[in-house]
Each structure stands twice: as C-alpha cells, then as structure tokens.
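Worksheet for the structure shown next.
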Amino acid sequence: MTSEPLLPGDPATGPGPEAPAEVVARQRAELQRLRDLAATTAVLERAKGILMAVIGCTPDAAQEELLQRAKDGNRSLLEQCWLTLGALPPPRERPTHPATPPPASAAAGAGAGAGESAPVGTGDSAEVLEALGRALVRVGSPHELAGCLLDRLAPEVAADAVLLYERPPEDGLALIGHAGVEAALAAQWRHVPPVPGLPALEALRSGRPRWLEHPAEDRTRHLLIGPPPERWPTRAWLPVPEGGTARVALGVLRRRDAPFTPRERGLLRAAARLCAGRLRAFDSPRDAGAGDVPRTVQAVFDALPGQAVLLTPLRAVSGEVTDYRIAAATPEATDVFGRNGRDLVGRHLLENYPAIAGTPLWRGCLRTLETGVPYESEPFAYQEAGIPAPVTATYTVRAAPLGEGLVLTWLRYDPTDRQEQRLADVQRLGNLGWANWNLLTGEIAWAEQTYTVLGLRADQPPLPLDRLPGLAQPEDTRPLARAIAGLVSRGCPLDVPFRTGTAAGVRHLRMVAEAVTAPDGTPVEVHGFVQDLTAQRSAELALVESEREMLLQRGTLQAERDLAARLQHALLPLPSKPVRLAGLRVEVAYLPAQAGIHVGGDWFSAIELPDCDALFVVGDVAGHGIDAVATMAQLRFTAKGMVSTGSSLTGALARLNQLLLHSRDGQITATMFLARYDPGRHVLAWAQAGHPPPLLVRGGEVRFLDRPGGILLGATGAPVYESLELRLEPGDRLLLYTDGLVERPGEGLDGGFARLAEAVRADGCGESGSLDALLTAMLVDERRDDVCVLDIRMPLEEVQDAVAAPPETDA
C-alpha cells in the first residue's frame, strides 16, 4: 500500500478539499480540458510503457527517466516522448517487402523459443497496448493487476480468466492475483506444490510461454487448474518477464476452443512485458512489502463482518493529498449508492463522493494521516446533489491509520431503525414497556420490555386486559380490576400502582393506559405502558428508614450533648470578667467546637494556693463527649490537689501520666501546661506534657517560649518531664492556649503559630475584653475543636495587696 503520485491534470487526480458544489463544477471544467490533452497524455503514457517494458522499471521511474532525458537534451517532455517512440526497434519477423505477408509459423512461435518476436505491428494492437500501459499506472496490487488485464484483454484475445502465480523461495506456486474465477476456486488453488506437469511452473523454469491449445492432449500431459478441464479448453502461461529470471507466471484461460492467433500471442507477450515493470514496482525498495498490504488486508476483510475499506492516499507532485483510492473492502461494505464489496475496490473517493471534500470527515482523515491519531466523526448527513435522485443518509465514520493509508469504518443510520432503537432505549432506561389491546379484534401486542417488567417469560402469550389483575398482589387486585373496568367500559384513563410477585421478589409497578374511542364514544382500542418502580420505591423506603435513624441518632446526640454541657458547666465554671490573682490580671475564654456534640476535654485552672502562690493549668483531653469531660474533671481536680499538697510540677505530671495509663480505657491521652507563680520573686515555674508553647509579649516583642521536655500524658509508662522558670516583668503578657486556637484544616502547626503571633502583635497589649478581638482574628472558619485561652498579664504598676480571688475560686 503506497501513496500514488499523480500527474497534474491526470483524470484520476481528485479535486482538492473544496465545497461539494465547487468540486462538481471543477470536475466538469476539467473534463473538457482533459479531452484536449488526451492525445498528449496518450503519447506520454505510451512512452512510459515502452520504458517500463524495455528496462523493467516502475511508472514513476519511467516518467523520471523521460524527464531526465528531456532535460539532458534540452527538449520538451513531449518531444522526448516522440523520440522514444521513434527509437522503438522494428519487430525481427517484419518482412522486407511490404507486399509479402509474414509466415504464420514465425508469428505463432510454435516452440515459443527465447528468440520469438512479438508481432505487434497493426495499429489496433498498438492502441490496445497503449491503453493497457495507461491503465497499469493506476494498478496498486497484483490482484488489481489481474483485474486490469482481464478488462483490457478479454475483447482482444477472448480471455475469460486471468491468474497470477508467484514462485516463492520454497518452490511451488502461490496465487497472488486473480480475476474471472470464483473465490472458492481461488482459495482451493491458492497454494500449489511443485508437482510435475504444472504448466505455470514449467513456464517459469524454462522462461518461455506455454500454449495449451489441444484439450484432449493437455489433459494427459499437464495438471490443469479448475475442474472440469473442459471448462477452459485453451490456456496460455507466460513467464513475467521472459527468460531465466522470471518469478511470476501470467495465466490466461479461455472458453474458446481454438488456437491462439499470432496477433493474440503477440499481445499476450507484450502485455507480460508491461506487467513485469509493474510487478517489479510492487517490490521496489521504496515500496518494499507495500504492494502486498492491500492483498493481505483484502484477505482479512473477506472474513470480516461490518463495513470497512482500506484507503490509499493519492498525492500531487507537491505531496498534498488530493484524493484516496479504495484498495480493499469488506463484503458488507455498502456505499450511499448501493455499491458494495469488491465493486468499491479501485474507486476514488472524491470522484465518487464529491460532497465529502472540505468536510470535517475530509479534514479528520488528513489529521489521522499526519498524526496517526484515529478520528471518529459525529453523526452527519451525507447528501449528494449532483445526481438525478439525491441520496441522503446519516453516518458515523471512524478512520484509523494502517501503514501509509487509512482503514475507514462506518455505521449507517436508517430513520426507521433509529426510531425503533430510540424507543427501545427509552423503554430500557425508563424500565417500562408498551402494550396495545384491540378490543374489537382481540389482538394484543406487547414490547419485549413489557414481559421483563411483569416478570413473565418472553415465549408466553400476552395477557388480555381482564387477566392483568391476576398478576397483582391480593391487596391490589380489586383497585386494578376496577380501574381496568372503567377504562374498557367508559374510556376513563388509567394510572394505577400495584404490586406483583416474581421469582426475584415483590415488584412495585405502575400501569398507565388510555382508550381510543369510536365516533359514538365506545372504546375500541387501549394502549399504554407498565413501569417497574421497584428501585424507586426501595429508595423511598430506604430514605424513610434513614431519616428515622437520623432523627433517633440526633435525639441521642442532643441528649448526650446536653448532659455533657451541664456536666462541663458544673465542673468548669467560667468567670464573667477578668480577675486579679497574686498581683496578675487573668482573663479566660472558652469556646466549644461547632461540630459534633460541642463539648470536649479542654480545661483550665487559675487558683491561689495556700502559700499565696498562684497555680495556672491549661489542658486538653483527646476526644469529645461524656468520656472526655469525665477525664478532664479527673485530671483537673487531681492536678490541683497534688500541687496544693506540695507536689512538684514534674512529679504531678508523672503521677497524672500513671493515672491515665491505669484508667478504665487505658488509651486516653491528654496534653497539659502546669505553672506555679511566686508573687514575691515574680517568677513563674512551669512544665508541660506535649502542650503547645506559651506566647510571651514583652516590650512590643512577641515570641514563643522554648518548652521543657515532656511527652503527652498517657503515651508511655516511663516519661521524663522537665521544668523551666520565667521571671515576669511589668507589662508582660503570657498567653496559654489549647491547640484548637492554632489548628486549621490543610495548614501545618507552624502556620498556625505564625498566625497567632501576628494576631497578638496586631492586638497589642489591649484592654479588658481584648480576647474577643484576638479570637475573632484567629477563628474565621467553623471550629472543629474546643478552644481554651488563658491570658495572664502583669500590670505596669503592681498592686501587691490586690488579690481578688478567694483560695478555692478559679479565675
């Protein structure tokens, strides 16, 4: 399969991709111009044919040779063609005197020796060979070559069939092209072993033609192709080319029971020489193996269903694709005019379907040739306006690359088929089926989907209307029967839901029908449909059950939330305003999460100890709900008790860790910040267990304190906790908080700490109630966790005697 170059102005050259109307007009104008150039074209093609036969080259190579000779001799191409024709040597057997006829024996070539001449001296024979040479230029495969030879030689030599056999390396014969024989016969004789008496093989081995003209004698001496042998009484097998290098045998089979005349023999031998160049072109290095592609594809296509063709691009001298030739076609391939199968092979696309030019299909095929990406068209209507009866059809076409050509497949949509397919699709997608009852004739028609909806077998007869209630469940039988009775007697429309039992279970169905009435109002026909609503009904029931469970779960969660909220408020009272504690101003903020049950394990403590020191605690128990609140209360009161009775900060954290490890759950964890403030020394000693670092604001500088070592509570049985001290100065502000203040979905903790520092820096020292602005800046989205903030400030002027909180009252 190759891209065939075309001469400018050649009749086979298709128009460019213009609009269909322009293509038709251009073809008509070109027709007259081509008629004027017919003589010049004939001379050119005849000169090419001579070069092909003499030097055994391809048509392209013959034209290149003519062009080169014209250039070397400073002549026009037409002048060079006439010089080439004039240099053709006369036949050896031509008589020296015009009045003396040539001997019949010499013309017949009884022995068909290597020195036989081909007496093609009449004008008619020259014209036949000239036409054959022009036709061979368009041949793209050995199979097409056989068809071309039969078309051109049948009226000249009475040929009825043409066979082309190739001699493979392993000897024997392989059929590479045929015309005029049945496909079954060609398949039977596709491969022939190297048996004695095979005329084609004898012609190849000897390099000389074999003329079989005596049926009775030939039957005994040779193995004849195609039973019965009398079918083709005379046959000719010619090596292509003649001589010892032939590898292709040309067979011509005739039903005429008469010897080949000298003129017929000469024509066949000259035709064989022309075929030699064309066959060699199929195997030239430029097209190595390509000539077999259409033949191989055709062999595959012959066994395939569906509609597909192989397109070979035809290119101008510039390389632009100007048309496509159909090189192979499946048997079911049918075009818009009804031509199918092998009738399509050899046709040119734009010459036969000019309306395609310039369309998205044309451009899509070009893109596929260039990029190798398959193209699939949208459904389009093809309309050919240049014929007496315009043909319109809708197609979907797909083009895929194959070698240097395209495989084109298509699907044709018939209006009736489309309507039936759409109706079937609607029934299938809507899970319904139509039904029709003729009340006068008793005829009943159901769609296939109706049986499926009703749960009946497709081989059962359709049911009359009065028997449909028998399919319903007992509770639905009477309503359905009553509605059908009103439809049949009074023509009342019917729209009734009912249930029916099937092997797959109970189905929820709906029947909708109406009556067609006679002029007097009597119902004569009923049509409607039944629809399966089982899936919809199941979804409705599932939705109701889901809503019921959601309401039950919502009530349970609400009750748990209310209980947890009351418990939390009882265990963790919040002061309504900032308080003074050990000379420090303390402000507290607590915000529950906005998701879940809204109560969690965040807590704080700010109390004065018996020795006038102040205790500050901020903690966070993992989780939410009653368990988290209970663990929070346990840790909060235990921590206060331990520190109040003299335990160190690190010792208290170690004991609290053991408390969580030996709790009922054993998997609860918590973070904690624990600090003790000495108002006499203005020193804050503190320790932590996996808690976020406190934020210190001093002199306009905002920084996070380095944390002493300490892992979260409940994580390990051998933790190590350390403590640090911080001396507070007048104007200092210390911010203690839980992780809910800095955590945000999709953001790391470093980003949260940076946002907190920036918000505190923008807030400055602030005044009473300044935590509101800080929380507003930090919590812009829905809170997924509790937030607890303890804001501790040392006034610029200390008031040592202003300790407002009683010993056991939290800030």
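Simple scheme: letters A, B, ... for chains in structure tokens order, numbers from 1 for residues in each chain, numbers from 1 for ligands in the order shown.
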
Residues within 7 Å of Leu250 in chain A, please, as a ChimeraX atom specification. Count only C-alpha atoms; anything in the same chain fewer than 2 positions from it doesn't count. /A:163-165,237-240,248,252

Leaving out Thr312 in chain A and any residue of its chain fewer than 5 positions from it, which residues lie within 6 Å of it when counting only C-alpha atoms, given as a PyMOL selection string? chain A and resi 324-325+405

Determine which residues of range 325-487 of chain A DSSP labels as alpha helix (DSSP H) from the backbone of this structure, then write them out as an NGL selection string. :A and (349-352 or 360-371 or 415-430 or 448-454 or 474-487)

If you count only C-alpha atoms, which residues fall within 10 Å of Pro692 in chain A, apart from same-chain ones fewer than 3 positions away, as a PDB file with N, CA, C and O atoms, in the first residue's frame?
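Final output, out.pdb:
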```pdb
ATOM      1  N   THR A 671      -2.870  16.552  76.815  1.00  0.00           N
ATOM      2  CA  THR A 671      -1.748  17.484  76.919  1.00  0.00           C
ATOM      3  C   THR A 671      -2.025  18.435  78.076  1.00  0.00           C
ATOM      4  O   THR A 671      -3.195  18.670  78.442  1.00  0.00           O
ATOM      5  N   MET A 672      -0.965  18.994  78.669  1.00  0.00           N
ATOM      6  CA  MET A 672      -1.161  19.855  79.856  1.00  0.00           C
ATOM      7  C   MET A 672      -0.017  20.854  79.974  1.00  0.00           C
ATOM      8  O   MET A 672       1.140  20.522  79.698  1.00  0.00           O
ATOM      9  N   PHE A 673      -0.393  22.069  80.382  1.00  0.00           N
ATOM     10  CA  PHE A 673       0.566  23.103  80.790  1.00  0.00           C
ATOM     11  C   PHE A 673       0.321  23.360  82.272  1.00  0.00           C
ATOM     12  O   PHE A 673      -0.814  23.655  82.690  1.00  0.00           O
ATOM     13  N   GLN A 688       5.451  21.075  81.137  1.00  0.00           N
ATOM     14  CA  GLN A 688       4.414  20.776  80.131  1.00  0.00           C
ATOM     15  C   GLN A 688       4.506  19.318  79.704  1.00  0.00           C
ATOM     16  O   GLN A 688       5.558  18.698  79.783  1.00  0.00           O
ATOM     17  N   ALA A 689       3.354  18.823  79.202  1.00  0.00           N
ATOM     18  CA  ALA A 689       3.267  17.442  78.690  1.00  0.00           C
ATOM     19  C   ALA A 689       2.650  17.490  77.298  1.00  0.00           C
ATOM     20  O   ALA A 689       1.428  17.430  77.141  1.00  0.00           O
ATOM     21  N   LEU A 695       2.946  31.871  74.722  1.00  0.00           N
ATOM     22  CA  LEU A 695       3.368  33.030  73.928  1.00  0.00           C
ATOM     23  C   LEU A 695       3.606  34.198  74.886  1.00  0.00           C
ATOM     24  O   LEU A 695       2.709  34.568  75.658  1.00  0.00           O
ATOM     25  N   PHE A 704       7.497  32.839  71.165  1.00  0.00           N
ATOM     26  CA  PHE A 704       7.076  31.622  71.836  1.00  0.00           C
ATOM     27  C   PHE A 704       8.214  31.134  72.724  1.00  0.00           C
ATOM     28  O   PHE A 704       9.393  31.149  72.321  1.00  0.00           O
ATOM     29  N   LEU A 705       7.874  30.697  73.960  1.00  0.00           N
ATOM     30  CA  LEU A 705       8.879  30.206  74.892  1.00  0.00           C
ATOM     31  C   LEU A 705       9.343  28.810  74.478  1.00  0.00           C
ATOM     32  O   LEU A 705       8.559  27.996  73.971  1.00  0.00           O
ATOM     33  N   ARG A 707      10.106  25.117  75.079  1.00  0.00           N
ATOM     34  CA  ARG A 707       9.433  24.209  76.001  1.00  0.00           C
ATOM     35  C   ARG A 707      10.428  23.288  76.693  1.00  0.00           C
ATOM     36  O   ARG A 707      11.372  22.798  76.052  1.00  0.00           O
ATOM     37  N   LEU A 736      -1.601  31.447  77.374  1.00  0.00           N
ATOM     38  CA  LEU A 736      -1.686  29.989  77.408  1.00  0.00           C
ATOM     39  C   LEU A 736      -2.938  29.570  76.633  1.00  0.00           C
ATOM     40  O   LEU A 736      -3.993  30.195  76.772  1.00  0.00           O
ATOM     41  N   TYR A 737      -2.863  28.463  75.881  1.00  0.00           N
ATOM     42  CA  TYR A 737      -3.969  28.117  74.987  1.00  0.00           C
ATOM     43  C   TYR A 737      -3.918  26.630  74.656  1.00  0.00           C
ATOM     44  O   TYR A 737      -2.904  25.948  74.881  1.00  0.00           O
ATOM     45  N   THR A 738      -5.007  26.129  74.093  1.00  0.00           N
ATOM     46  CA  THR A 738      -5.047  24.749  73.586  1.00  0.00           C
ATOM     47  C   THR A 738      -4.896  24.783  72.061  1.00  0.00           C
ATOM     48  O   THR A 738      -5.010  25.838  71.419  1.00  0.00           O
ATOM     49  N   ASP A 739      -4.672  23.596  71.493  1.00  0.00           N
ATOM     50  CA  ASP A 739      -4.348  23.551  70.057  1.00  0.00           C
ATOM     51  C   ASP A 739      -5.507  23.964  69.160  1.00  0.00           C
ATOM     52  O   ASP A 739      -5.316  24.258  67.978  1.00  0.00           O
ATOM     53  N   VAL A 742      -4.929  27.284  67.179  1.00  0.00           N
ATOM     54  CA  VAL A 742      -3.974  27.455  66.082  1.00  0.00           C
ATOM     55  C   VAL A 742      -4.174  26.443  64.953  1.00  0.00           C
ATOM     56  O   VAL A 742      -3.608  26.608  63.872  1.00  0.00           O
ATOM     57  N   LEU A 749       1.115  23.230  61.802  1.00  0.00           N
ATOM     58  CA  LEU A 749       1.135  23.970  63.068  1.00  0.00           C
ATOM     59  C   LEU A 749       2.018  25.207  62.997  1.00  0.00           C
ATOM     60  O   LEU A 749       1.725  26.229  63.633  1.00  0.00           O
ATOM     61  N   PHE A 753       0.991  28.852  64.352  1.00  0.00           N
ATOM     62  CA  PHE A 753       1.743  29.661  65.310  1.00  0.00           C
ATOM     63  C   PHE A 753       2.066  31.040  64.728  1.00  0.00           C
ATOM     64  O   PHE A 753       2.002  32.054  65.436  1.00  0.00           O
TER      65      PHE A 753
END
```

Between A:Gly680, A:Gly49, A:Pro474, A:Pro719, single out the one closest to Leu656 in chain A, counting only C-alpha atoms.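 Using only C-alpha atoms, the shortest distance to Leu656 in chain A belongs to A:Pro719.
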
Could you list, as a PyMOL selection string, every residue within 12 Å of Glu448 in chain A, counting only C-alpha atoms and ignoring same-chain residues fewer than 5 positions away? chain A and resi 423-425+427-428+431-435+453-462+529-530

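Coordinates place CA of Asp706 in chain A at a distance of 18.2 Å from CA of Leu790 in chain A.
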
Select, from A:Leu649, A:Val157, A:Arg783, A:Pro745, the residue with the minimum atom-to-atom distance to Tyr721 in chain A, counting only C-alpha atoms.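 Comparing A:Leu649, A:Val157, A:Arg783, A:Pro745 against Tyr721 in chain A, the winner is A:Leu649.
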
As a ChimeraX atom specification, which residues of range 343-538 of chain A does DSSP assign to strand (DSSP E or B)? /A:348,375-376,380-384,391-402,405-413,432-438,444-446,472,494-502,505-517,523-532

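Counting only C-alpha atoms, the residue from A:Gly619, A:Pro155, A:Pro262, A:Gly243 that sits nearest to Asp786 in chain A is A:Gly619.
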